[in-house]
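Enquirer: Sharing a structure, written as structure tokens. Questions coming.
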Amino acid sequence: MRISFSSGIRVEECRRKGLRGRVSASTLALLLAGQMLAGCGQAAATGSNSPRALTHLTLWLDYTPWGAHVPLFAAEKQGFFHQEGLDVSIKSPSSVTDPLKLVTVSANTLGIGYMSDVVTAESQGIPVVSIAALVQHHLNCIMTLKSSHITSPRQLAGKRIGAAETPADSVILDTVFKHAGVTGKVQRVNLNYDYVQALVSGRVDAVEGAYQVWERIIIEQLGHHVNVIQLQNWGVPDEYELVLLAGKSMISHQPGVLKRFMRAVSRGVTFAVRHPAAAVGDFLAENPDFLGSYPKTGRQLISRSWRLLIPFMLPADASFGTQSQARWQSLARWMYGNRLVTRSVQARRLFTNQFLST
């Protein structure tokens, strides 16, 4: 659950500003109006008599390139998309809300987004579906410095916890503290996503919203060690942290294209797991500006991030991309029960496994 970004923020802060809020009414109006344009664009894309060697797709990232995108750039660099007859343009959006909008208003467009956004979209009539879970579990967590000796939410009574203080952040913390039976007052500090500096400077005793496969690494590169408190152990439904999004129109009209796309992505994941150093090299080759943002630590950051992400993408109990109705239903009920959405939704309408490689 994340909210929108602003372009002038440091890369790690930009990447962490997700969709912790509802899709606005104006966004909904734009999406619904754009469905007519999507239909026209789809007709133009499929009705041409001109033969094409490759089918062009645009894939919008959740925001700036980072560790979770390593397999995608590996698939591009290694030629897996081309081998499936696809020409895939991987792009970074100007806002984290753009992928969800664009997959419903633009033909041949896919995106990376958040599980909670799909629930919100369905509750508002926006025709978007998750076609695969890119990451199988929460990356968001509560993080403390090891020097604090805080390893449980119960130890936060009388302490300060920093978060983005969006509606979803507030509900997450309320859920955790209730589940943990925290009775003492916990001071909440609005960090505006500045998790790293707030924690290492001692301004707060804990942060909620940082990724255990990104900010954790940055904190360790600054010479500190951290404790990670998993949200799903304290009453918050586990989430597929990142999901691949497609519009319902594309699902109906181009199932073969989506099947080929997922085959190539799956090959990218397999390659990146078996050859992590080569995959990181592919990522850096495709994103030359990344090391400019992290001139001394960037290669180690992206390498460690990807290695930490592997068990989140390929856990022992699930194949890549698979999703369960029970997981979707659990999140949808929790969001509705905590008024993060105004209408209950049916989990079976939120996702599909039909395009996954077998």
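Ordering of the structure tokens sets the chain letters (A, B, ...), residue numbers begin anew at 1 in every chain, and ligands are numbered from 1 in the order given.
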Considering only C-alpha atoms, return as a list in words whatever protein or nucleic-acid residues lie within 7 Å of range 112-115 of chain A, sequence-local ones (same chain, fewer than 4 positions apart) excluded.
Expert: Met1, Trp60, Leu61, Asp62, Pro99, Leu100, Val119, Glu239, Tyr240, Glu241, Leu242, Val243, Leu244 and Leu245 of chain A
Enquirer: For the residues in that selection, give me N, CA and C atoms as a PDB file, in the first residue's frame.
Expert:
ATOM      1  N   MET A   1       0.847  -1.198   0.000  1.00  0.00           N
ATOM      2  CA  MET A   1       0.000   0.000   0.000  1.00  0.00           C
ATOM      3  C   MET A   1       0.881   1.247   0.000  1.00  0.00           C
ATOM      4  N   TRP A  60       5.339  -0.585 -17.571  1.00  0.00           N
ATOM      5  CA  TRP A  60       5.606   0.517 -16.642  1.00  0.00           C
ATOM      6  C   TRP A  60       6.012  -0.051 -15.287  1.00  0.00           C
ATOM      7  N   LEU A  61       7.175   0.358 -14.809  1.00  0.00           N
ATOM      8  CA  LEU A  61       7.645  -0.060 -13.486  1.00  0.00           C
ATOM      9  C   LEU A  61       6.827   0.613 -12.395  1.00  0.00           C
ATOM     10  N   ASP A  62       6.967   0.126 -11.162  1.00  0.00           N
ATOM     11  CA  ASP A  62       6.295   0.771 -10.043  1.00  0.00           C
ATOM     12  C   ASP A  62       6.904   2.139  -9.760  1.00  0.00           C
ATOM     13  N   PRO A  99       1.097   3.456 -13.555  1.00  0.00           N
ATOM     14  CA  PRO A  99       0.911   2.132 -14.140  1.00  0.00           C
ATOM     15  C   PRO A  99      -0.527   1.636 -14.086  1.00  0.00           C
ATOM     16  N   LEU A 100      -1.200   1.828 -12.968  1.00  0.00           N
ATOM     17  CA  LEU A 100      -2.579   1.378 -12.860  1.00  0.00           C
ATOM     18  C   LEU A 100      -3.472   2.119 -13.837  1.00  0.00           C
ATOM     19  N   VAL A 119      -7.298  -4.116  -5.217  1.00  0.00           N
ATOM     20  CA  VAL A 119      -8.521  -4.153  -4.400  1.00  0.00           C
ATOM     21  C   VAL A 119      -9.256  -2.820  -4.508  1.00  0.00           C
ATOM     22  N   GLU A 239       0.905  -9.814   2.053  1.00  0.00           N
ATOM     23  CA  GLU A 239       0.611  -9.295   0.715  1.00  0.00           C
ATOM     24  C   GLU A 239       1.616  -9.809  -0.299  1.00  0.00           C
ATOM     25  N   TYR A 240       1.140  -9.951  -1.537  1.00  0.00           N
ATOM     26  CA  TYR A 240       2.072  -9.994  -2.655  1.00  0.00           C
ATOM     27  C   TYR A 240       2.536  -8.553  -2.838  1.00  0.00           C
ATOM     28  N   GLU A 241       3.760  -8.268  -2.440  1.00  0.00           N
ATOM     29  CA  GLU A 241       4.180  -6.861  -2.343  1.00  0.00           C
ATOM     30  C   GLU A 241       4.113  -6.133  -3.677  1.00  0.00           C
ATOM     31  N   LEU A 242       4.538  -6.806  -4.747  1.00  0.00           N
ATOM     32  CA  LEU A 242       4.436  -6.233  -6.086  1.00  0.00           C
ATOM     33  C   LEU A 242       3.724  -7.227  -6.987  1.00  0.00           C
ATOM     34  N   VAL A 243       2.821  -6.720  -7.827  1.00  0.00           N
ATOM     35  CA  VAL A 243       2.095  -7.583  -8.759  1.00  0.00           C
ATOM     36  C   VAL A 243       2.178  -6.990 -10.161  1.00  0.00           C
ATOM     37  N   LEU A 244       2.075  -7.855 -11.157  1.00  0.00           N
ATOM     38  CA  LEU A 244       2.044  -7.423 -12.554  1.00  0.00           C
ATOM     39  C   LEU A 244       0.603  -7.179 -12.961  1.00  0.00           C
ATOM     40  N   LEU A 245       0.335  -6.010 -13.527  1.00  0.00           N
ATOM     41  CA  LEU A 245      -1.017  -5.556 -13.812  1.00  0.00           C
ATOM     42  C   LEU A 245      -1.312  -5.581 -15.311  1.00  0.00           C
TER      43      LEU A 245
END
Enquirer: When you look at Thr322 in chain A with a cut-off of 7 Å (counting only C-alpha atoms), what residues show up, excluding the ones that are within fewer than 2 positions of it in the same chain? I need them as a PyMOL selection string.
Expert: chain A and resi 132-133+318-320+324+353
Enquirer: Would you output that residue set with N, CA and C atoms, as a JSON list (two decimals), in the first residue's frame?
Expert:
[["chain", "number", "residue", "atom", "x", "y", "z"],
["A", 132, "ALA", "N", 0.15, -11.79, -12.16],
["A", 132, "ALA", "CA", 1.22, -12.55, -11.51],
["A", 132, "ALA", "C", 1.69, -11.79, -10.28],
["A", 133, "ALA", "N", 2.13, -12.54, -9.28],
["A", 133, "ALA", "CA", 2.76, -11.94, -8.10],
["A", 133, "ALA", "C", 4.26, -11.88, -8.36],
["A", 318, "ALA", "N", 5.95, -21.92, -3.13],
["A", 318, "ALA", "CA", 5.18, -21.36, -4.24],
["A", 318, "ALA", "C", 6.03, -21.25, -5.49],
["A", 319, "SER", "N", 5.41, -21.49, -6.64],
["A", 319, "SER", "CA", 6.08, -21.27, -7.92],
["A", 319, "SER", "C", 6.03, -19.79, -8.25],
["A", 320, "PHE", "N", 6.93, -19.35, -9.12],
["A", 320, "PHE", "CA", 6.98, -17.94, -9.46],
["A", 320, "PHE", "C", 5.64, -17.46, -10.01],
["A", 324, "SER", "N", -3.09, -16.83, -4.74],
["A", 324, "SER", "CA", -4.19, -17.62, -4.20],
["A", 324, "SER", "C", -5.39, -16.73, -3.90],
["A", 353, "ASN", "N", -4.25, -16.69, -12.63],
["A", 353, "ASN", "CA", -3.01, -17.46, -12.81],
["A", 353, "ASN", "C", -2.92, -18.05, -14.21]]
Enquirer: DSSP says alpha helix (DSSP H) for which residues of range 98-308 of chain A? Put them as a ChimeraX atom specification?
Expert: /A:98-105,115-123,167-180,195-200,215-221,248-253,255-274,276-286,290-293,298-308
Enquirer: Compile the contact shell of Ser147 in chain A as a ChimeraX atom specification: residues with an atom at most 10 Å away, counting only C-alpha atoms, same-chain residues fewer than 2 positions apart removed.
Expert: /A:144-145,149-150,224-227
Enquirer: Include N, CA and C atoms and write out the residues we just selected as a PDB file, in the first residue's frame.
Expert:
ATOM      1  N   THR A 144      14.006  -1.679  13.375  1.00  0.00           N
ATOM      2  CA  THR A 144      14.686  -1.003  14.485  1.00  0.00           C
ATOM      3  C   THR A 144      16.182  -1.260  14.363  1.00  0.00           C
ATOM      4  N   LEU A 145      16.972  -0.438  15.035  1.00  0.00           N
ATOM      5  CA  LEU A 145      18.410  -0.703  15.100  1.00  0.00           C
ATOM      6  C   LEU A 145      18.664  -1.806  16.116  1.00  0.00           C
ATOM      7  N   HIS A 149      17.768  -3.001  20.860  1.00  0.00           N
ATOM      8  CA  HIS A 149      17.284  -4.260  21.439  1.00  0.00           C
ATOM      9  C   HIS A 149      15.765  -4.399  21.347  1.00  0.00           C
ATOM     10  N   ILE A 150      15.134  -3.666  20.439  1.00  0.00           N
ATOM     11  CA  ILE A 150      13.689  -3.772  20.219  1.00  0.00           C
ATOM     12  C   ILE A 150      13.451  -4.796  19.118  1.00  0.00           C
ATOM     13  N   HIS A 224      25.340   0.431  10.468  1.00  0.00           N
ATOM     14  CA  HIS A 224      24.424  -0.014  11.510  1.00  0.00           C
ATOM     15  C   HIS A 224      23.871  -1.402  11.174  1.00  0.00           C
ATOM     16  N   HIS A 225      23.298  -2.053  12.177  1.00  0.00           N
ATOM     17  CA  HIS A 225      22.606  -3.320  11.969  1.00  0.00           C
ATOM     18  C   HIS A 225      21.158  -3.146  12.413  1.00  0.00           C
ATOM     19  N   VAL A 226      20.273  -3.918  11.806  1.00  0.00           N
ATOM     20  CA  VAL A 226      18.849  -3.702  12.061  1.00  0.00           C
ATOM     21  C   VAL A 226      18.154  -4.982  12.495  1.00  0.00           C
ATOM     22  N   ASN A 227      17.045  -4.792  13.209  1.00  0.00           N
ATOM     23  CA  ASN A 227      16.082  -5.848  13.479  1.00  0.00           C
ATOM     24  C   ASN A 227      14.890  -5.640  12.556  1.00  0.00           C
TER      25      ASN A 227
END
Enquirer: Between A:Val171, A:Ala326, A:Ile302, A:Met250, which residue has the minimum interatomic distance to Glu215 in chain A, considering only C-alpha atoms?
Expert: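 Checking each candidate against Glu215 in chain A, we get A:Ile302 as the closest.
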Enquirer: Could you please determine the separation between CA of Ser89 in chain A and CA of Ala279 in chain A in Å, to one decimal place?
Expert: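 We find that CA of Ser89 in chain A and CA of Ala279 in chain A lie 17.8 Å from each other.
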Enquirer: I need the residue nearest Arg333 in chain A from this list: A:Val128, A:Gln187, A:Thr109, A:Ser116. Use only C-alpha atoms for the distance.
Expert: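 The answer is A:Ser116, which sits nearest to Arg333 in chain A.
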Enquirer: What's around Ser148 in chain A at 12 Å? Count only C-alpha atoms, leave out sequence neighbours fewer than 6 positions away in its own chain, and write the answer as a list in words.
Expert: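 The residues that qualify are Gln155, Leu156, Lys159, Arg160, Leu199, Val200, Gly202, Val204, Asp205, Ala206, His224, His225, Val226 and Asn227 of chain A.
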Enquirer: Could you tell me, as a list in words, which residues of range 169-250 of chain A DSSP assigns to strand (DSSP E or B) when given the backbone?
Expert: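 Listing strand (DSSP E or B) positions across range 169-250 of chain A yields Gln187, Arg188, Val189, Asn190, Ala206, Val207, Glu208, Gly209, Ala210, Tyr211, Val226, Asn227, Val228, Ile229, Gln230, Val243, Leu244, Leu245, Ala246 and Gly247 of chain A.
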Enquirer: Let me make sure I understand: among A:Gly162, A:Gly184, A:Met143, A:Phe177, which one has the smallest atom-to-atom distance to Gln212 in chain A if we use only C-alpha atoms?
Expert: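 Using only C-alpha atoms, Gln212 in chain A sits closest to A:Met143.
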Enquirer: Which residues are close to His179 in chain A, i.e. within 8 Å by only C-alpha atoms, leaving aside same-chain residues fewer than 4 positions away? Reply as a tab-separated table (two decimals) with C-alpha atoms, in the first residue's frame.
Expert:
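File out.tsv, as written:
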chain	number	residue	atom	x	y	z
A	175	THR	CA	-3.54	-3.62	13.73
A	234	TRP	CA	1.33	-9.29	14.03
A	235	GLY	CA	-2.12	-9.42	12.49
Enquirer: Using only C-alpha atoms for the distances, tell me which of A:Leu54, A:Leu59, A:Leu356, A:Ile218 is nearest to Gly85 in chain A.
Expert: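 For Gly85 in chain A, the nearest of the given residues is A:Leu54.
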Enquirer: Between A:Ala121, A:Gly247, A:Arg307, A:Gly337, which has the minimum distance to Pro276 in chain A (counting only C-alpha atoms)?
Expert: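 Closest to Pro276 in chain A, using only C-alpha atoms: A:Arg307.
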Enquirer: What's around Thr342 in chain A at 8 Å? Count only C-alpha atoms, leave out sequence neighbours fewer than 3 positions away in its own chain, and write the answer as a PyMOL selection string.
Expert: chain A and resi 123+336+339
Enquirer: Atoms to include: N, CA and C atoms. Write the selected residues as a short mmCIF file (atom, residue, chain, number, x, y, z; two decimals), in the first residue's frame.
Expert:
data_model
loop_
_atom_site.label_atom_id
_atom_site.label_comp_id
_atom_site.auth_asym_id
_atom_site.auth_seq_id
_atom_site.Cartn_x
_atom_site.Cartn_y
_atom_site.Cartn_z
N SER A 123 -12.96 -2.03 -6.26
CA SER A 123 -14.04 -1.43 -5.47
C SER A 123 -14.60 -0.18 -6.14
N TYR A 336 -11.56 -3.63 3.70
CA TYR A 336 -12.95 -3.20 3.85
C TYR A 336 -13.31 -3.03 5.32
N ARG A 339 -12.01 0.23 6.56
CA ARG A 339 -12.48 1.40 5.80
C ARG A 339 -11.43 1.98 4.86
#
Enquirer: Counting only C-alpha atoms, figure out which residue out of A:Leu222, A:Ala210, A:Leu134, A:Val236 gets nearest to Ile161 in chain A.
Expert: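 Of the candidates, the smallest distance to Ile161 in chain A is held by A:Ala210.
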Enquirer: Residues within 8 Å of Leu350 in chain A, please, as a PyMOL selection string. Count only C-alpha atoms; anything in the same chain fewer than 6 positions from it doesn't count.
Expert: chain A and resi 118-119+122+128-130+328
Enquirer: Store the residues picked out above in a file with C-alpha atoms, as a CSV table (one decimal), in the first residue's frame.
Expert:
chain,number,residue,atom,x,y,z
A,118,VAL,CA,-6.0,-3.8,-7.3
A,119,VAL,CA,-8.5,-4.2,-4.4
A,122,GLU,CA,-12.1,-3.2,-8.2
A,128,VAL,CA,-7.4,-4.0,-13.8
A,129,VAL,CA,-6.3,-7.5,-12.8
A,130,SER,CA,-3.1,-8.9,-11.3
A,328,TRP,CA,-6.6,-11.9,-2.0
Enquirer: Rounded to one decimal in Å, what is the spacing between CA of His82 in chain A and CA of Met313 in chain A?
Expert: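 For CA of His82 in chain A relative to CA of Met313 in chain A, the distance reads 23.3 Å.
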